[in-house]
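Trainee: Sharing input08.csv, CSV, C-alpha atoms:
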```csv
chain,number,residue,atom,x,y,z
A,85,MET,CA,-22.4,10.0,-26.1
A,86,LYS,CA,-23.1,8.4,-22.8
A,87,THR,CA,-20.8,8.2,-19.8
A,88,TYR,CA,-19.3,4.8,-19.4
A,89,THR,CA,-19.9,3.0,-16.0
A,90,ALA,CA,-18.4,-0.3,-15.3
A,91,THR,CA,-20.5,-3.2,-14.1
A,92,PRO,CA,-19.3,-6.1,-12.0
A,93,ALA,CA,-19.2,-8.3,-15.1
A,94,ASP,CA,-16.8,-5.8,-16.7
A,95,ILE,CA,-14.3,-5.9,-13.9
A,96,GLU,CA,-11.1,-8.0,-14.4
A,97,LYS,CA,-8.8,-8.2,-11.4
A,98,LYS,CA,-5.1,-9.1,-11.8
A,99,TRP,CA,-2.6,-10.0,-9.1
A,100,ILE,CA,0.5,-7.8,-8.8
A,101,VAL,CA,3.6,-8.3,-6.7
A,102,ILE,CA,5.8,-5.3,-5.7
A,103,ASP,CA,9.2,-5.5,-4.2
A,104,ALA,CA,9.5,-2.7,-1.6
A,105,GLU,CA,13.3,-3.1,-1.0
A,106,GLY,CA,14.9,0.3,-1.3
A,107,VAL,CA,11.7,2.1,-2.4
A,108,VAL,CA,10.6,5.4,-0.8
A,109,LEU,CA,7.6,4.8,1.5
A,110,GLY,CA,5.3,7.6,0.3
A,111,ARG,CA,5.9,7.0,-3.4
A,112,LEU,CA,5.3,3.3,-3.0
A,113,ALA,CA,2.1,3.9,-1.0
A,114,ALA,CA,0.8,6.3,-3.7
A,115,ILE,CA,1.3,3.7,-6.4
A,116,VAL,CA,-0.3,0.9,-4.4
A,117,ALA,CA,-3.3,3.1,-3.5
A,118,GLY,CA,-3.8,3.9,-7.1
A,119,ARG,CA,-3.6,0.2,-8.1
A,120,LEU,CA,-6.1,-0.8,-5.3
A,121,ARG,CA,-8.6,1.8,-6.5
A,122,GLY,CA,-8.2,0.9,-10.2
A,123,LYS,CA,-7.2,4.3,-11.4
A,124,HIS,CA,-4.7,2.9,-13.8
A,125,LYS,CA,-7.4,1.3,-15.9
A,126,PRO,CA,-9.1,3.1,-18.7
A,127,GLY,CA,-12.6,2.2,-17.6
A,128,TYR,CA,-12.1,3.4,-14.0
A,129,THR,CA,-15.4,3.9,-12.2
A,130,PRO,CA,-15.1,5.6,-8.8
A,131,HIS,CA,-17.9,3.8,-7.0
A,132,MET,CA,-16.8,0.2,-8.0
A,133,ASP,CA,-14.1,-2.0,-6.5
A,134,MET,CA,-12.2,-2.5,-9.8
A,135,GLY,CA,-8.6,-2.4,-8.5
A,136,ASP,CA,-6.1,-5.2,-8.6
A,137,ASN,CA,-4.9,-7.5,-5.8
A,138,VAL,CA,-1.5,-6.2,-4.7
A,139,ILE,CA,1.1,-8.2,-2.9
A,140,VAL,CA,4.0,-6.2,-1.4
A,141,ILE,CA,7.1,-8.1,-0.2
A,142,ASN,CA,10.2,-6.8,1.7
A,143,ALA,CA,8.1,-4.2,3.5
A,144,ASP,CA,10.7,-4.1,6.3
A,145,LYS,CA,13.3,-2.7,3.9
A,146,VAL,CA,11.2,0.3,2.7
A,147,GLN,CA,13.1,3.6,2.9
A,148,LEU,CA,12.1,6.9,4.5
A,149,THR,CA,13.6,10.2,3.3
A,150,GLY,CA,15.2,12.8,5.6
A,151,ASN,CA,14.9,12.2,9.3
A,152,LYS,CA,11.5,10.6,9.2
A,153,ARG,CA,12.8,7.2,10.5
A,154,ALA,CA,13.7,9.0,13.8
A,155,GLU,CA,11.1,11.8,13.9
A,156,LYS,CA,7.9,10.6,12.2
A,157,THR,CA,5.4,9.8,15.0
A,158,TYR,CA,2.5,7.4,14.8
A,159,TRP,CA,-0.2,8.1,17.4
A,160,ARG,CA,-2.9,5.8,18.8
A,161,HIS,CA,-5.4,6.0,21.7
A,162,THR,CA,-6.3,3.2,24.1
A,163,GLY,CA,-9.8,4.6,24.6
A,164,TYR,CA,-9.1,5.5,28.3
A,165,PRO,CA,-8.6,9.0,29.6
A,166,GLY,CA,-5.0,10.0,29.1
A,167,GLY,CA,-4.4,6.9,27.0
A,168,ILE,CA,-2.6,8.4,24.0
A,169,LYS,CA,0.5,6.4,22.9
A,170,SER,CA,3.1,7.2,20.4
A,171,ARG,CA,5.8,5.3,18.5
A,172,LYS,CA,8.4,6.5,16.0
A,173,ALA,CA,8.6,5.0,12.5
A,174,GLY,CA,11.9,3.4,13.2
A,175,GLU,CA,10.6,1.6,16.2
A,176,ILE,CA,7.7,0.1,14.2
A,177,LEU,CA,10.0,-0.9,11.3
A,178,GLU,CA,12.5,-2.6,13.6
A,179,GLY,CA,9.7,-4.2,15.7
A,180,GLY,CA,7.6,-7.3,15.2
A,181,HIS,CA,5.2,-6.0,12.5
A,182,PRO,CA,7.2,-3.7,10.2
A,183,GLU,CA,4.5,-4.1,7.4
A,184,ARG,CA,2.1,-1.9,9.4
A,185,VAL,CA,3.9,1.3,8.4
A,186,LEU,CA,3.1,0.6,4.7
A,187,MET,CA,-0.4,-0.5,5.5
A,188,MET,CA,-1.1,2.7,7.4
A,189,ALA,CA,0.4,4.8,4.6
A,190,VAL,CA,-1.8,3.2,2.0
A,191,LYS,CA,-4.9,3.3,4.1
A,192,ARG,CA,-4.5,7.0,4.7
A,193,MET,CA,-4.2,7.7,1.0
A,194,LEU,CA,-7.5,6.1,0.3
A,195,PRO,CA,-10.8,7.9,1.0
A,196,GLY,CA,-12.4,7.1,4.3
A,197,ASN,CA,-15.5,5.2,3.3
A,198,ARG,CA,-16.8,1.6,3.0
A,199,LEU,CA,-15.4,1.1,-0.5
A,200,SER,CA,-11.9,1.9,0.6
A,201,ARG,CA,-12.2,-0.5,3.5
A,202,ARG,CA,-13.2,-3.2,1.0
A,203,GLN,CA,-10.3,-2.3,-1.3
A,204,MET,CA,-7.8,-2.6,1.6
A,205,THR,CA,-8.7,-6.3,1.8
A,206,ASN,CA,-7.1,-6.7,-1.7
A,207,LEU,CA,-3.7,-5.6,-0.2
A,208,ARG,CA,-1.3,-8.1,1.2
A,209,VAL,CA,1.9,-6.9,2.8
A,210,TYR,CA,4.7,-9.2,3.9
A,211,ALA,CA,7.9,-8.2,5.8
A,212,GLY,CA,10.1,-10.8,4.1
A,213,ALA,CA,10.7,-11.9,0.6
A,214,GLU,CA,8.3,-14.9,0.6
A,215,HIS,CA,4.6,-14.8,0.0
A,216,PRO,CA,2.0,-17.7,-0.2
A,217,HIS,CA,0.2,-16.4,-3.4
A,218,GLY,CA,2.2,-18.2,-6.0
A,219,ALA,CA,-0.8,-20.1,-7.2
A,220,GLN,CA,-2.4,-16.8,-8.5
A,221,SER,CA,0.7,-16.3,-10.7
A,222,PRO,CA,1.1,-12.6,-10.0
A,223,GLU,CA,2.8,-10.2,-12.4
A,224,ILE,CA,5.8,-8.3,-11.2
A,225,LEU,CA,5.6,-4.5,-11.1
A,226,ASP,CA,9.0,-2.8,-10.9
A,227,VAL,CA,8.4,0.4,-9.0
A,228,LYS,CA,12.1,1.3,-8.9
A,229,SER,CA,12.3,1.6,-12.7
A,230,MET,CA,9.2,3.8,-13.0
A,231,ASN,CA,11.0,6.9,-11.7
A,232,SER,CA,14.5,7.4,-10.5
A,233,LYS,CA,13.1,9.2,-7.4
A,234,ASN,CA,11.2,6.1,-6.3
A,235,ALA,CA,14.4,4.3,-5.2
A,236,ARG,CA,16.8,5.4,-2.5
A,237,THR,CA,19.9,3.7,-1.1
A,238,ALA,CA,20.3,3.8,2.6
```
In structure tokens, write the structure found in this file.
Mentor:
Amino acid sequence: MKTYTATPADIEKKWIVIDAEGVVLGRLAAIVAGRLRGKHKPGYTPHMDMGDNVIVINADKVQLTGNKRAEKTYWRHTGYPGGIKSRKAGEILEGGHPERVLMMAVKRMLPGNRLSRRQMTNLRVYAGAEHPHGAQSPEILDVKSMNSKNARTA
């Protein structure tokens, strides 16, 4: 018996829309990262981009457990000496680009290589409830009903 390896002709990509309202950030990011890699498919091949296109709406309404909204710190560096900057998760979620919290969480759950950077282009995150991808007729994936721990009321 030979090991199955998918070819580009075997790959079938679907469009999925996920509503992030009231969903815990880490659990949502883990599900999205698995969908982007294609690990939910029976013919998963690690070196191929066989994941689905994922649309996440209501990213500004994602929930954080415990005191993470006030205590979780995101660091960045300007490139100049002494140029380290920090922002709390709550500041980013209440700022102009709240979808970046989810983007960073998903990116950090993927391996750090060229393939994962290509897979990140299949992720589209929107802060509001509207998205411009209706023509692709995406399927709805209900993350809240997968596990009772995925949802949290603020």
Trainee: Residues within 6 Å of segment 99-116 of chain A, please, as a ChimeraX atom specification. Count all atoms listed in the file; anything in the same chain fewer than 5 positions from it doesn't count.
Mentor: /A:136-143,145-148,189-190,222-225,234-236
Trainee: How many Å lie between atom CA of Ser232 of chain A and atom CA of Met204 of chain A, rounded to one decimal?
Mentor: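 Computing the Euclidean distance for atom CA of Ser232 of chain A and atom CA of Met204 of chain A yields 27.3 Å.
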Trainee: Counting all atoms listed in the file, note down every residue that has an atom within 7 Å of the point (2.6, 8.1, 16.6) (file coordinates), as a compact mmCIF listing (two decimals) with C-alpha atoms, in the frame of the given file.
Mentor:
```txt
# COMPACT_ATOMS: atom_id res chain seq x y z
CA THR A 157 5.40 9.80 15.00
CA TYR A 158 2.50 7.40 14.80
CA TRP A 159 -0.20 8.10 17.40
CA ARG A 160 -2.90 5.80 18.80
CA LYS A 169 0.50 6.40 22.90
CA SER A 170 3.10 7.20 20.40
CA ARG A 171 5.80 5.30 18.50
CA LYS A 172 8.40 6.50 16.00
```
Trainee: Go ahead and compute the interatomic distance for atom CA of Asn197 of chain A and atom CA of Lys125 of chain A, in Å to one decimal.
Mentor: 21.2 Å
Trainee: Compare A:Ile168, A:Met187, A:Ala90, A:Ala154 by their minimum atom-to-atom distance to His131 of chain A, counting only C-alpha atoms, and give me the closest one.
Mentor: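 Residue with the minimum atom-to-atom distance to His131 of chain A: A:Ala90.
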Trainee: Atom CA of Ala211 of chain A and atom CA of Glu183 of chain A are how many Å apart?
Mentor: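 Answer for the atom CA of Ala211 of chain A to atom CA of Glu183 of chain A separation: 5.6 Å.
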Trainee: Go through A:Ala93, A:Ala117, A:Met188, A:Leu177 one by one, measure the shortest atom-to-atom distance of each to Arg153 of chain A using only C-alpha atoms, and give the residue with the smallest value.
Mentor: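 Smallest distance to Arg153 of chain A is found for A:Leu177.
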Trainee: Would you please work out which residue, of A:His181, A:His161, A:Lys191, A:Lys152, is nearest to Gly118 of chain A when using all atoms listed in the file?
Mentor: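 Between A:His181, A:His161, A:Lys191, A:Lys152, the residue approaching Gly118 of chain A most closely is A:Lys191.
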Trainee: Closest to Tyr210 of chain A among A:Gly163, A:Pro182, A:Pro195, A:Pro130, using only C-alpha atoms?
Mentor: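 Answer, going by the shortest atom-to-atom distance: A:Pro182.
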Trainee: I'd like the box whose edges run along x, y and z of the file and which contains every listed atom of segment 120-132 of chain A, padded by 3 Å per side; could you state its centre and edge lengths in Å, one decimal, as lines of an AutoDock Vina configuration file?
Mentor:
```
center_x = -11.3
center_y = 2.4
center_z = -12.0
size_x = 19.2
size_y = 12.4
size_z = 19.4
```
Trainee: With all atoms listed in the file as the atoms that count, which of A:Ile95, A:Met85, A:Met230, A:Leu120 lies nearest to Ser200 of chain A?
Mentor: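 Residue with the minimum atom-to-atom distance to Ser200 of chain A: A:Leu120.
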Trainee: Could I get segment 214-232 of chain A from the block written as a short mmCIF file (atom, residue, chain, number, x, y, z; two decimals), in the first residue's frame, with N, CA and C atoms?
Mentor:
```cif
data_model
loop_
_atom_site.label_atom_id
_atom_site.label_comp_id
_atom_site.auth_asym_id
_atom_site.auth_seq_id
_atom_site.Cartn_x
_atom_site.Cartn_y
_atom_site.Cartn_z
N GLU A 214 -20.93 42.46 7.74
CA GLU A 214 -21.01 42.41 6.28
C GLU A 214 -19.69 41.96 5.68
N HIS A 215 -19.79 41.22 4.56
CA HIS A 215 -18.59 40.84 3.81
C HIS A 215 -18.92 40.86 2.32
N PRO A 216 -17.94 41.15 1.46
CA PRO A 216 -18.20 41.27 0.02
C PRO A 216 -18.04 39.97 -0.76
N HIS A 217 -18.12 38.82 -0.10
CA HIS A 217 -17.86 37.55 -0.78
C HIS A 217 -19.12 36.72 -0.96
N GLY A 218 -20.25 37.37 -1.15
CA GLY A 218 -21.51 36.67 -1.35
C GLY A 218 -21.55 35.89 -2.65
N ALA A 219 -20.80 36.34 -3.66
CA ALA A 219 -20.80 35.67 -4.97
C ALA A 219 -20.19 34.27 -4.89
N GLN A 220 -19.33 34.02 -3.90
CA GLN A 220 -18.72 32.70 -3.74
C GLN A 220 -19.65 31.72 -3.04
N SER A 221 -20.81 32.19 -2.61
CA SER A 221 -21.81 31.40 -1.86
C SER A 221 -21.16 30.54 -0.78
N PRO A 222 -20.60 31.20 0.27
CA PRO A 222 -19.92 30.44 1.32
C PRO A 222 -20.89 29.67 2.21
N GLU A 223 -20.40 28.55 2.73
CA GLU A 223 -21.17 27.77 3.69
C GLU A 223 -20.95 28.36 5.08
N ILE A 224 -21.96 28.26 5.92
CA ILE A 224 -21.87 28.78 7.28
C ILE A 224 -21.36 27.66 8.19
N LEU A 225 -20.32 27.97 8.96
CA LEU A 225 -19.78 27.04 9.95
C LEU A 225 -20.10 27.59 11.34
N ASP A 226 -20.95 26.90 12.08
CA ASP A 226 -21.37 27.36 13.40
C ASP A 226 -20.40 26.85 14.45
N VAL A 227 -19.46 27.70 14.86
CA VAL A 227 -18.42 27.31 15.82
C VAL A 227 -19.01 27.22 17.22
N LYS A 228 -20.02 28.01 17.52
CA LYS A 228 -20.61 27.99 18.87
C LYS A 228 -21.22 26.63 19.20
N SER A 229 -21.84 26.00 18.21
CA SER A 229 -22.53 24.74 18.48
C SER A 229 -21.58 23.54 18.46
N MET A 230 -20.33 23.71 18.04
CA MET A 230 -19.38 22.60 18.03
C MET A 230 -19.06 22.11 19.45
N ASN A 231 -18.90 23.05 20.35
CA ASN A 231 -18.55 22.73 21.74
C ASN A 231 -19.11 23.84 22.62
N SER A 232 -19.63 23.49 23.76
CA SER A 232 -20.21 24.50 24.64
C SER A 232 -19.16 25.47 25.19
#
```
